[in-house]
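Asker: Coordinates in query-v5.csv, CSV, C-alpha atoms and all ligand atoms, are listed below.
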chain,number,residue,atom,x,y,z
A,1,MET,CA,69.8,83.5,14.9
A,2,LYS,CA,68.2,80.1,15.6
A,3,ALA,CA,70.1,77.4,17.6
A,4,LEU,CA,69.1,74.0,19.0
A,5,VAL,CA,69.5,74.3,22.8
A,6,HIS,CA,70.1,71.2,25.0
A,7,GLN,CA,70.1,72.3,28.6
A,8,ARG,CA,69.1,69.2,30.5
A,9,TYR,CA,69.1,65.4,29.9
A,10,GLY,CA,66.0,63.6,28.9
A,11,ASP,CA,63.6,62.7,26.1
A,12,PRO,CA,64.7,64.5,22.9
A,13,ALA,CA,61.2,65.9,22.4
A,14,GLU,CA,61.2,67.5,25.8
A,15,VAL,CA,64.8,68.7,26.2
A,16,LEU,CA,65.8,70.0,22.8
A,17,THR,CA,64.4,73.4,22.0
A,18,VAL,CA,64.9,75.7,19.0
A,19,GLU,CA,65.7,79.2,20.5
A,20,ALA,CA,66.7,82.6,19.3
A,21,VAL,CA,70.2,83.4,20.5
A,22,ASP,CA,72.9,86.0,19.7
A,23,ARG,CA,75.1,85.4,16.7
A,24,PRO,CA,78.7,84.8,17.7
A,25,GLU,CA,81.6,87.0,16.6
A,26,PRO,CA,84.7,85.2,15.4
A,27,ARG,CA,87.7,85.8,17.8
A,28,ALA,CA,91.4,85.5,16.9
A,29,GLY,CA,92.0,82.2,15.1
A,30,GLU,CA,88.3,81.5,14.7
A,31,VAL,CA,86.1,81.2,11.6
A,32,LEU,CA,82.4,82.2,11.5
A,33,VAL,CA,80.6,79.5,9.6
A,34,ARG,CA,77.1,79.8,8.2
A,35,VAL,CA,76.0,76.2,9.0
A,36,ALA,CA,74.3,74.3,6.2
A,37,ALA,CA,74.0,70.9,7.9
A,38,VAL,CA,74.8,68.9,11.1
A,39,PRO,CA,74.8,65.1,11.2
A,40,LEU,CA,72.9,62.9,13.5
A,41,SER,CA,74.4,59.6,14.7
A,42,GLY,CA,73.7,56.6,16.9
A,43,THR,CA,75.4,58.4,19.7
A,44,ASP,CA,72.9,61.3,19.8
A,45,TRP,CA,70.2,59.3,21.5
A,46,HIS,CA,72.6,58.6,24.3
A,47,LEU,CA,74.0,62.2,24.5
A,48,VAL,CA,70.6,63.8,24.7
A,49,ARG,CA,69.5,61.5,27.5
A,50,GLY,CA,72.9,61.5,29.3
A,51,LEU,CA,73.2,57.8,29.0
A,52,PRO,CA,75.1,55.7,30.1
A,53,TYR,CA,75.3,57.6,33.4
A,54,VAL,CA,79.1,56.9,33.5
A,55,ALA,CA,79.5,59.0,30.3
A,56,ARG,CA,78.3,62.1,32.2
A,57,PHE,CA,81.8,62.4,33.6
A,58,ALA,CA,82.7,63.5,30.1
A,59,THR,CA,79.4,65.2,29.0
A,60,GLY,CA,78.4,67.0,32.2
A,61,LEU,CA,77.4,65.5,35.5
A,62,THR,CA,74.0,67.1,36.2
A,63,ARG,CA,73.4,68.9,32.9
A,64,PRO,CA,75.0,68.9,29.4
A,65,ARG,CA,78.3,70.7,29.3
A,66,ASN,CA,77.6,72.0,25.8
A,67,ARG,CA,74.5,74.3,25.8
A,68,PHE,CA,74.0,73.7,22.0
A,69,PHE,CA,73.4,70.3,20.4
A,70,GLY,CA,75.8,69.1,17.6
A,71,LEU,CA,79.4,68.2,17.3
A,72,GLU,CA,80.1,68.4,13.6
A,73,LEU,CA,79.2,70.7,10.7
A,74,ALA,CA,79.4,71.7,7.1
A,75,GLY,CA,78.8,75.2,5.8
A,76,THR,CA,80.1,78.3,4.3
A,77,VAL,CA,82.6,80.7,5.8
A,78,GLU,CA,80.9,84.0,6.6
A,79,ALA,CA,83.8,85.9,8.2
A,80,VAL,CA,87.2,85.2,9.7
A,81,GLY,CA,88.8,86.5,12.9
A,82,PRO,CA,92.2,88.0,13.2
A,83,GLY,CA,95.1,85.7,12.3
A,84,VAL,CA,93.1,83.3,10.2
A,85,THR,CA,95.1,82.6,7.0
A,86,THR,CA,93.9,79.5,5.3
A,87,LEU,CA,90.1,80.2,4.9
A,88,HIS,CA,88.2,83.1,3.4
A,89,PRO,CA,84.6,84.2,3.2
A,90,GLY,CA,82.7,82.1,0.7
A,91,ASP,CA,84.8,78.9,1.2
A,92,GLU,CA,82.7,75.8,1.8
A,93,VAL,CA,84.1,73.8,4.7
A,94,PHE,CA,83.4,70.8,7.0
A,95,GLY,CA,84.8,69.9,10.4
A,96,TRP,CA,83.9,69.5,14.1
A,97,HIS,CA,83.2,71.7,17.1
A,98,ALA,CA,81.0,71.5,20.2
A,99,GLY,CA,77.6,73.1,19.7
A,100,THR,CA,77.3,73.2,15.9
A,101,CYS,CA,73.5,73.0,15.7
A,102,ALA,CA,73.0,76.8,15.1
A,103,GLU,CA,72.7,79.0,12.1
A,104,TYR,CA,76.2,80.5,12.7
A,105,VAL,CA,79.1,79.0,14.7
A,106,ALA,CA,82.6,80.3,15.5
A,107,VAL,CA,85.0,77.4,15.0
A,108,PRO,CA,88.8,77.3,15.5
A,109,GLU,CA,90.5,77.4,12.0
A,110,GLN,CA,92.3,74.1,12.7
A,111,GLN,CA,89.0,72.3,13.1
A,112,LEU,CA,87.8,73.1,9.5
A,113,VAL,CA,88.9,71.8,6.1
A,114,PRO,CA,87.6,72.7,2.6
A,115,LYS,CA,84.8,70.3,1.8
A,116,PRO,CA,85.4,67.6,-0.8
A,117,ALA,CA,84.7,69.0,-4.2
A,118,ASN,CA,82.4,66.1,-5.2
A,119,LEU,CA,80.1,66.3,-2.1
A,120,THR,CA,77.2,68.5,-1.3
A,121,LEU,CA,77.4,70.4,2.0
A,122,ALA,CA,74.7,68.0,3.5
A,123,GLU,CA,76.9,65.0,2.5
A,124,ALA,CA,80.1,66.6,3.8
A,125,ALA,CA,78.5,67.2,7.2
A,126,ALA,CA,78.0,63.4,7.5
A,127,VAL,CA,81.7,62.7,7.4
A,128,PRO,CA,83.8,63.8,10.4
A,129,ILE,CA,83.2,61.8,13.5
A,130,SER,CA,81.7,58.7,11.9
A,131,ALA,CA,84.6,58.5,9.5
A,132,PHE,CA,87.2,59.3,12.1
A,133,THR,CA,85.9,56.4,14.1
A,134,ALA,CA,86.0,54.1,11.2
A,135,ILE,CA,89.5,55.1,9.9
A,136,GLN,CA,90.9,54.8,13.5
A,137,ALA,CA,89.1,51.4,14.1
A,138,LEU,CA,90.7,50.1,10.9
A,139,ARG,CA,94.2,51.2,12.1
A,140,ALA,CA,93.6,49.3,15.3
A,141,ALA,CA,92.5,46.1,13.4
A,142,THR,CA,95.0,43.5,12.2
A,143,GLY,CA,95.0,41.1,9.3
A,144,ARG,CA,93.0,41.0,6.1
A,145,ARG,CA,89.8,39.1,7.0
A,146,LEU,CA,87.5,41.5,8.8
A,147,LEU,CA,84.1,41.1,10.5
A,148,ILE,CA,82.3,44.4,10.9
A,149,SER,CA,79.2,44.6,13.1
A,150,GLY,CA,76.8,47.5,12.6
A,151,ALA,CA,78.0,47.7,9.0
A,152,SER,CA,74.9,49.6,7.8
A,153,GLY,CA,75.1,52.6,10.2
A,154,GLY,CA,77.1,55.8,10.3
A,155,VAL,CA,80.4,54.3,11.4
A,156,GLY,CA,79.9,50.9,9.7
A,157,THR,CA,79.3,52.3,6.2
A,158,TYR,CA,82.7,54.1,6.3
A,159,ALA,CA,84.4,51.1,7.9
A,160,VAL,CA,83.2,48.8,5.1
A,161,GLN,CA,84.4,51.1,2.3
A,162,LEU,CA,87.7,52.0,4.0
A,163,ALA,CA,88.5,48.3,4.6
A,164,LYS,CA,87.8,47.5,1.0
A,165,ALA,CA,89.9,50.4,-0.2
A,166,GLN,CA,92.8,48.7,1.8
A,167,GLY,CA,92.2,45.4,0.1
A,168,ALA,CA,90.5,43.6,3.0
A,169,GLU,CA,88.0,40.8,2.7
A,170,VAL,CA,85.0,42.2,4.5
A,171,THR,CA,82.0,40.5,6.2
A,172,GLY,CA,79.4,43.0,7.3
A,173,ILE,CA,76.6,42.4,9.9
A,174,CYS,CA,73.3,44.3,9.5
A,175,SER,CA,69.5,43.8,9.2
A,176,PRO,CA,68.1,42.1,6.1
A,177,ALA,CA,66.6,45.4,4.9
A,178,LYS,CA,70.1,46.9,4.6
A,179,ALA,CA,72.0,43.9,3.2
A,180,ASP,CA,71.9,45.4,-0.3
A,181,LEU,CA,73.3,48.7,0.9
A,182,VAL,CA,76.2,46.9,2.7
A,183,ARG,CA,76.9,44.7,-0.4
A,184,GLY,CA,76.8,47.8,-2.6
A,185,LEU,CA,79.5,49.4,-0.4
A,186,GLY,CA,81.8,46.5,-1.4
A,187,ALA,CA,81.3,43.9,1.5
A,188,ASP,CA,82.2,40.4,0.2
A,189,HIS,CA,79.8,38.7,2.6
A,190,VAL,CA,76.8,40.0,4.6
A,191,LEU,CA,75.3,38.5,7.7
A,192,ASP,CA,71.8,39.1,9.1
A,193,HIS,CA,71.8,39.9,12.8
A,194,THR,CA,68.2,38.9,13.1
A,195,ARG,CA,68.8,35.3,11.9
A,196,ASP,CA,72.4,34.3,11.2
A,197,GLU,CA,74.8,32.8,13.7
A,198,PHE,CA,77.3,35.4,14.9
A,199,GLY,CA,80.2,35.3,12.5
A,200,GLY,CA,78.3,32.9,10.1
A,201,GLY,CA,80.4,29.9,11.2
A,202,ARG,CA,83.7,31.5,9.9
A,203,THR,CA,86.7,33.0,11.7
A,204,PHE,CA,88.3,36.4,11.1
A,205,ASP,CA,91.6,38.2,11.7
A,206,SER,CA,89.8,41.1,13.4
A,207,LEU,CA,86.3,41.9,14.6
A,208,ILE,CA,85.4,45.6,14.5
A,209,ASP,CA,82.5,45.6,16.9
A,210,VAL,CA,80.6,48.8,16.1
A,211,PHE,CA,77.2,47.8,17.5
A,212,GLY,CA,78.6,46.3,20.7
A,213,ASN,CA,76.4,43.4,21.6
A,214,PRO,CA,78.2,40.1,21.2
A,215,SER,CA,79.5,38.4,24.4
A,216,LEU,CA,83.3,38.3,24.8
A,217,LYS,CA,83.0,34.5,24.5
A,218,ASP,CA,81.3,34.8,21.1
A,219,CYS,CA,84.0,37.3,20.0
A,220,GLY,CA,86.6,34.8,21.0
A,221,ARG,CA,84.9,32.1,18.9
A,222,VAL,CA,85.0,34.1,15.7
A,223,ILE,CA,88.5,35.8,16.0
A,224,GLU,CA,91.5,33.7,15.0
A,225,PRO,CA,94.2,33.2,17.7
A,226,GLY,CA,96.4,36.3,17.9
A,227,GLY,CA,93.7,38.4,16.1
A,228,THR,CA,92.1,41.6,17.3
A,229,LEU,CA,88.8,42.8,18.8
A,230,VAL,CA,88.2,46.5,18.2
A,231,LEU,CA,85.5,47.6,20.7
A,232,VAL,CA,83.7,50.7,19.3
A,233,GLY,CA,80.1,50.7,20.5
A,234,GLY,CA,78.2,49.4,23.4
A,235,SER,CA,74.6,48.4,24.2
A,236,GLY,CA,72.5,47.5,27.3
A,237,GLY,CA,72.1,49.0,30.8
A,238,LYS,CA,71.6,52.6,31.7
A,239,TRP,CA,74.7,52.8,33.9
A,240,PHE,CA,77.4,51.4,31.7
A,241,MET,CA,75.9,50.5,28.3
A,242,GLY,CA,78.8,48.3,27.3
A,243,VAL,CA,81.6,50.2,29.1
A,244,ASP,CA,81.7,47.4,31.6
A,245,ARG,CA,82.2,44.9,28.7
A,246,TRP,CA,85.1,47.1,27.5
A,247,LEU,CA,86.7,47.0,31.0
A,248,ARG,CA,86.2,43.2,31.2
A,249,ALA,CA,87.8,42.7,27.8
A,250,VAL,CA,90.9,44.8,28.8
A,251,LEU,CA,91.2,43.2,32.3
A,252,THR,CA,90.9,39.7,31.0
A,253,ALA,CA,93.2,40.3,28.0
A,254,PRO,CA,96.1,38.2,29.3
A,255,PHE,CA,93.9,35.1,29.4
A,256,ARG,CA,92.4,35.5,26.0
A,257,ARG,CA,93.6,34.3,22.6
A,258,PHE,CA,92.7,37.7,21.0
A,259,LYS,CA,93.9,41.2,21.6
A,260,PRO,CA,91.1,43.6,22.7
A,261,LYS,CA,91.5,47.2,21.8
A,262,VAL,CA,89.1,49.9,23.1
A,263,LEU,CA,88.6,52.6,20.5
A,264,VAL,CA,87.7,56.1,21.7
A,265,HIS,CA,87.9,58.2,18.5
A,266,ARG,CA,90.1,61.3,18.3
A,267,ASP,CA,89.1,64.3,16.3
A,268,SER,CA,91.9,64.7,13.8
A,269,ARG,CA,92.6,67.3,11.2
A,270,ASP,CA,95.1,64.9,9.5
A,271,ASP,CA,92.4,62.2,9.3
A,272,LEU,CA,89.9,64.8,7.9
A,273,LEU,CA,92.4,65.7,5.2
A,274,ALA,CA,93.0,62.0,4.4
A,275,LEU,CA,89.3,61.4,4.2
A,276,LYS,CA,88.8,64.4,1.9
A,277,ASP,CA,91.4,62.8,-0.5
A,278,LEU,CA,89.8,59.4,-0.3
A,279,ILE,CA,86.4,60.9,-1.1
A,280,GLU,CA,87.7,63.0,-4.0
A,281,ASP,CA,89.5,59.9,-5.3
A,282,GLY,CA,86.1,58.1,-5.3
A,283,LYS,CA,87.2,55.4,-2.8
A,284,VAL,CA,84.7,56.4,0.0
A,285,ARG,CA,81.4,58.2,0.0
A,286,PRO,CA,79.0,59.2,2.7
A,287,VAL,CA,75.7,57.2,2.6
A,288,LEU,CA,73.2,60.0,3.3
A,289,ASP,CA,69.7,58.8,3.6
A,290,ARG,CA,67.6,61.6,5.0
A,291,VAL,CA,67.7,65.4,5.6
A,292,TYR,CA,65.5,66.7,8.5
A,293,PRO,CA,64.6,70.4,9.3
A,294,LEU,CA,65.8,71.8,12.6
A,295,ASP,CA,62.4,71.5,14.3
A,296,GLN,CA,62.3,67.7,13.6
A,297,VAL,CA,65.5,66.7,15.4
A,298,PRO,CA,63.7,64.7,18.1
A,299,THR,CA,61.9,62.7,15.4
A,300,ALA,CA,65.2,62.2,13.5
A,301,ILE,CA,67.0,61.0,16.7
A,302,GLU,CA,64.3,58.3,17.2
A,303,ASP,CA,64.4,57.3,13.5
A,304,VAL,CA,68.1,56.7,13.8
A,305,ARG,CA,67.6,54.8,17.0
A,306,ARG,CA,65.0,52.6,15.5
A,307,GLY,CA,67.2,51.7,12.5
A,308,ASP,CA,64.9,53.4,10.0
A,309,VAL,CA,67.8,55.3,8.5
A,310,ARG,CA,70.0,53.6,5.9
A,311,GLY,CA,73.5,55.0,6.6
A,312,GLN,CA,73.2,58.5,8.0
A,313,ALA,CA,70.9,61.5,8.5
A,314,VAL,CA,71.6,65.2,8.7
A,315,ILE,CA,69.8,68.3,10.0
A,316,SER,CA,69.5,71.1,7.5
A,317,LEU,CA,70.1,74.6,8.8
A,318,ALA,CA,70.5,76.3,5.4
A,319,VAL,CA,69.8,80.0,5.9
A,320,PRO,CA,70.1,82.6,3.2
A,321,PRO,CA,73.5,84.5,3.2
A,322,ALA,CA,73.5,87.6,5.3
A,323,PRO,CA,73.7,90.9,3.3
A,324,ARG,CA,77.3,92.0,3.1
A,325,PRO,CA,78.0,95.4,4.6
B,401,LIG,N1,84.1,54.6,20.3
B,401,LIG,C1,83.9,55.7,19.7
B,401,LIG,O1,84.7,56.7,19.6
B,401,LIG,C2,82.6,55.9,18.9
B,401,LIG,C3,82.5,56.9,18.0
B,401,LIG,C4,81.3,57.0,17.3
B,401,LIG,C5,80.2,56.1,17.6
B,401,LIG,N2,80.4,55.1,18.5
B,401,LIG,C6,79.3,54.2,18.9
B,401,LIG,O2,79.2,53.3,17.8
B,401,LIG,C7,77.9,52.8,17.8
B,401,LIG,C8,77.3,52.9,16.4
B,401,LIG,O3,77.3,54.3,16.0
B,401,LIG,P1,76.6,54.7,14.6
B,401,LIG,O4,76.6,56.2,14.5
B,401,LIG,O5,77.2,53.9,13.5
B,401,LIG,O6,75.1,54.2,14.8
B,401,LIG,P2,74.0,53.9,13.8
B,401,LIG,O7,74.2,54.7,12.6
B,401,LIG,O8,72.7,54.0,14.5
B,401,LIG,O9,74.2,52.4,13.4
B,401,LIG,C9,73.9,51.3,14.2
B,401,LIG,C10,74.3,50.0,13.5
B,401,LIG,O10,74.1,48.9,14.4
B,401,LIG,C11,73.4,47.9,13.7
B,401,LIG,N3,72.6,47.1,14.6
B,401,LIG,C12,71.4,47.3,15.2
B,401,LIG,N4,71.0,46.3,15.9
B,401,LIG,C13,72.0,45.4,15.8
B,401,LIG,C14,72.1,44.1,16.4
B,401,LIG,N5,71.2,43.5,17.2
B,401,LIG,N6,73.3,43.4,16.1
B,401,LIG,C15,74.2,43.9,15.3
B,401,LIG,N7,74.1,45.1,14.7
B,401,LIG,C16,73.0,45.8,15.0
B,401,LIG,C17,72.5,48.7,12.7
B,401,LIG,O11,72.1,47.8,11.7
B,401,LIG,P3,70.6,47.7,11.1
B,401,LIG,O12,70.1,49.1,11.2
B,401,LIG,O13,70.8,47.2,9.8
B,401,LIG,O14,69.9,46.8,12.1
B,401,LIG,C18,73.5,49.7,12.3
B,401,LIG,O15,74.3,49.2,11.3
B,401,LIG,C19,77.1,53.6,18.8
B,401,LIG,O16,77.1,52.8,20.0
B,401,LIG,C20,78.0,54.8,19.1
B,401,LIG,O17,77.8,55.4,20.3
B,401,LIG,C21,81.6,55.0,19.2
Represent the structure of the file as structure tokens.
Ligand SMILES: NC(=O)c1ccc[n+]([C@@H]2O[C@H](COP(=O)([O-])OP(=O)(O)OC[C@H]3O[C@@H](n4cnc5c(N)ncnc54)[C@H](OP(=O)(O)O)[C@@H]3O)[C@@H](O)[C@H]2O)c1

Answerer:
Amino acid sequence: MKALVHQRYGDPAEVLTVEAVDRPEPRAGEVLVRVAAVPLSGTDWHLVRGLPYVARFATGLTRPRNRFFGLELAGTVEAVGPGVTTLHPGDEVFGWHAGTCAEYVAVPEQQLVPKPANLTLAEAAAVPISAFTAIQALRAATGRRLLISGASGGVGTYAVQLAKAQGAEVTGICSPAKADLVRGLGADHVLDHTRDEFGGGRTFDSLIDVFGNPSLKDCGRVIEPGGTLVLVGGSGGKWFMGVDRWLRAVLTAPFRRFKPKVLVHRDSRDDLLALKDLIEDGKVRPVLDRVYPLDQVPTAIEDVRRGDVRGQAVISLAVPPAPRP
């Protein structure tokens, strides 16, 4: 079978290679999934390059810890290992696992959930980590008036919809080309990060900082006293890329009028089930802009990085079903 191999850090076009590898066999408690799609996100550009360097403590110091690219998937159950009780061959599922960008992947049963009935497999692939991050960022936020930076990307498009589903008043920050998208997701106000003053001259109960570029001083200016800054993303510098700003926010918290909370998302079966319900109830939907073939992943990563993608992109791995014995 084909898989996207990532054996060293560097430029995506140089270090990501499509290779023929052995198909895995599902062990006890595992499900063999025929992968249909794997999402790309704003994090992939960093993961492939191993940036910021400080993140290599988690991803592998000298080379990527995961030999195969991809952390999420949607696909069809091909076979199940001993002890698997909830899923069966033919079920369409979505979930998370390290190294999903391969035609077949063996995934622990607990990391898969039946896909929402009203989504295609490509759309379902775009849900897990971006939506986990958004749902957990909203739990960390306080109050009703929310400012969401990076509102037009993978995490932001879920954050806007989930916030509106909770009855929040939402102001989203994005580029002018995507203002219509963010308004269409329900945002009450949209600010242009290329032109408008940060916060648009208003104040908010919470700032969910997905893109991660405003100074802590600017954050303090737009958050009401006692409000919350949820730090999700980071930008700038190869060594820390915003992690230093997270640290400064936490260390200086006693002297600030707002509460900083660093969000490191947690993969969660309960959240995936909750998101499935919200999607099937029509309250949230993935914004899937583009589907790329496996051999165009480096191009896709650069397109996401440049902001050419509205919402999310996925890689298609659709392979014909294997003949049944
Ligand atoms: N903490 C966690 O657990 C966690 C989990 C997932 C992701 N993340 C991080 O969250 C960040 C976003 O991820 P993503 O997948 O949503 O990325 P993405 O899909 O590439 O979206 C990036 C967003 O940032 C916006 N943006 C670009 N330049 C901006 C600027 N100068 N000012 C304000 N906004 C700007 C983009 O808007 P336009 O395209 O409209 O310009 C877009 O909405 C990344 O840093 C990622 O690593 C963190």

Asker: Which one is closest to Phe94 in chain A: A:Arg248, A:Phe198, A:Glu19, A:Leu273? Count all atoms listed in the file.

Answerer: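 Looking only at the distances to Phe94 in chain A, the closest residue turns out to be A:Leu273.
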
Asker: If the limit is 6 Å from any atom of ligand LIG 401 (chain B), counting all atoms listed in the file, which residues qualify? Return them as a list in words.

Answerer: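 The residues near ligand LIG 401 (chain B) are Ser41, Gly42, Thr43, Ser130, Thr133, Ser149, Gly150, Ala151, Ser152, Gly153, Gly154, Val155, Gly156, Cys174, Ser175, Lys178, His193, Val210, Phe211, Val232, Gly233, Gly234, Leu263, Val264, His265, Val304, Arg305 and Gly307 of chain A.
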
Asker: Compile a residue-level contact table for range 254-319 of chain A against range 1-15 of chain A at a cut-off of 8 Å, reporting for every qualifying residue the shortest atom pair and its distance in Å to one decimal, with only C-alpha atoms counted, rows ordered by chain and ascending number, as a tab-separated table.

Answerer:
residue	atom	partner	partner_atom	distance
A:Leu294	CA	A:Leu4	CA	7.5
A:Val297	CA	A:Pro12	CA	7.9
A:Pro298	CA	A:Pro12	CA	4.9
A:Thr299	CA	A:Ala13	CA	7.7
A:Ile301	CA	A:Pro12	CA	7.5

Asker: For Leu138 in chain A, which residue out of A:Cys219, A:Leu317, A:Ala168, A:Val80 is the nearest one, using all atoms listed in the file?

Answerer: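 Among A:Cys219, A:Leu317, A:Ala168, A:Val80, it is A:Ala168 that comes nearest to Leu138 in chain A.
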
Asker: So how many Å separate CA of Arg34 in chain A and CA of Asp303 in chain A, to one decimal?

Answerer: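 Separation of CA of Arg34 in chain A and CA of Asp303 in chain A: 26.4 Å.
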
Asker: Could you jot down the CA of Ala159 in chain A to CA of Leu51 in chain A separation for me, Å, one decimal place?

Answerer: 24.8 Å

Asker: Quick one: distance from CA of Ala36 in chain A to CA of Leu275 in chain A in Å, one decimal?

Answerer: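 For CA of Ala36 in chain A relative to CA of Leu275 in chain A, the distance reads 19.9 Å.
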
Asker: Near Ala274 in chain A, counting all atoms listed in the file, which residues have an atom at most 12 Å away, once you skip same-chain residues fewer than 5 positions from it, shown as a list of chain:residue names?

Answerer: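 Residues meeting the cut-off are A:Val113, A:Lys115, A:Pro116, A:Val127, A:Pro128, A:Ala131, A:Phe132, A:Ile135, A:Gln136, A:Leu162, A:Ser268, A:Arg269, A:Ile279, A:Glu280, A:Asp281, A:Lys283, A:Val284.
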
Asker: What's the 10 Å shell around Val243 in chain A, counting only C-alpha atoms, without same-chain residues fewer than 6 positions away, as a PyMOL selection string?

Answerer: chain A and resi 52+54-55+212+231+233-237+249+262

Asker: Compare A:Ile148, A:Gly167, A:Leu251, A:Val182 by their minimum atom-to-atom distance to Ser206 in chain A, counting all atoms listed in the file, and give me the closest one.

Answerer: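 That would be A:Ile148, the residue with the smallest distance to Ser206 in chain A.
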
Asker: From the list A:Ala20, A:Leu278, A:Ala122, A:Ala117, which residue is nearest Ser316 in chain A when using all atoms listed in the file?

Answerer: A:Ala122

Asker: Identify which of the residues A:Leu40, A:Ile173, A:Val33, A:Leu47 lies closest to Ile208 in chain A, counting only C-alpha atoms when measuring atom-to-atom distances.

Answerer: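 Closest candidate: A:Ile173.
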
Asker: Write out as a list of chain:residue names the residues lying within 8 Å of Leu32 in chain A, counting only C-alpha atoms and excluding same-chain residues fewer than 3 positions away.

Answerer: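 With the cut-off at 8 Å, the set is A:Pro24, A:Glu25, A:Pro26, A:Val77, A:Glu78, A:Ala79, A:Val80, A:Gly81, A:Tyr104, A:Val105, A:Ala106, A:Val107.
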
Asker: Return the single residue from A:Ile129, A:Val48, A:Ile223, A:Val35 that is closest to Val93 in chain A, with distances computed using all atoms listed in the file.

Answerer: A:Val35

Asker: Just the residues within 10 Å of Asp188 in chain A, please, counting all atoms listed in the file, with nothing from its chain fewer than 3 positions along; format it as number ranges by chain.

Answerer: A: 160, 164, 168-172, 182-185

Asker: Please list as a PyMOL selection string every residue within 10 Å of Ala37 in chain A, counting all atoms listed in the file and excluding residues in the same chain fewer than 6 positions away.

Answerer: chain A and resi 72-75+94+100-103+121-126+291-294+313-318

Asker: Would you list the residues near (89.8, 77.8, 6.7), meaning any protein, DNA or RNA residue with an atom at most 6 Å from that point in file coordinates, counting only C-alpha atoms, as a ChimeraX atom specification?

Answerer: /A:86-87,109,112
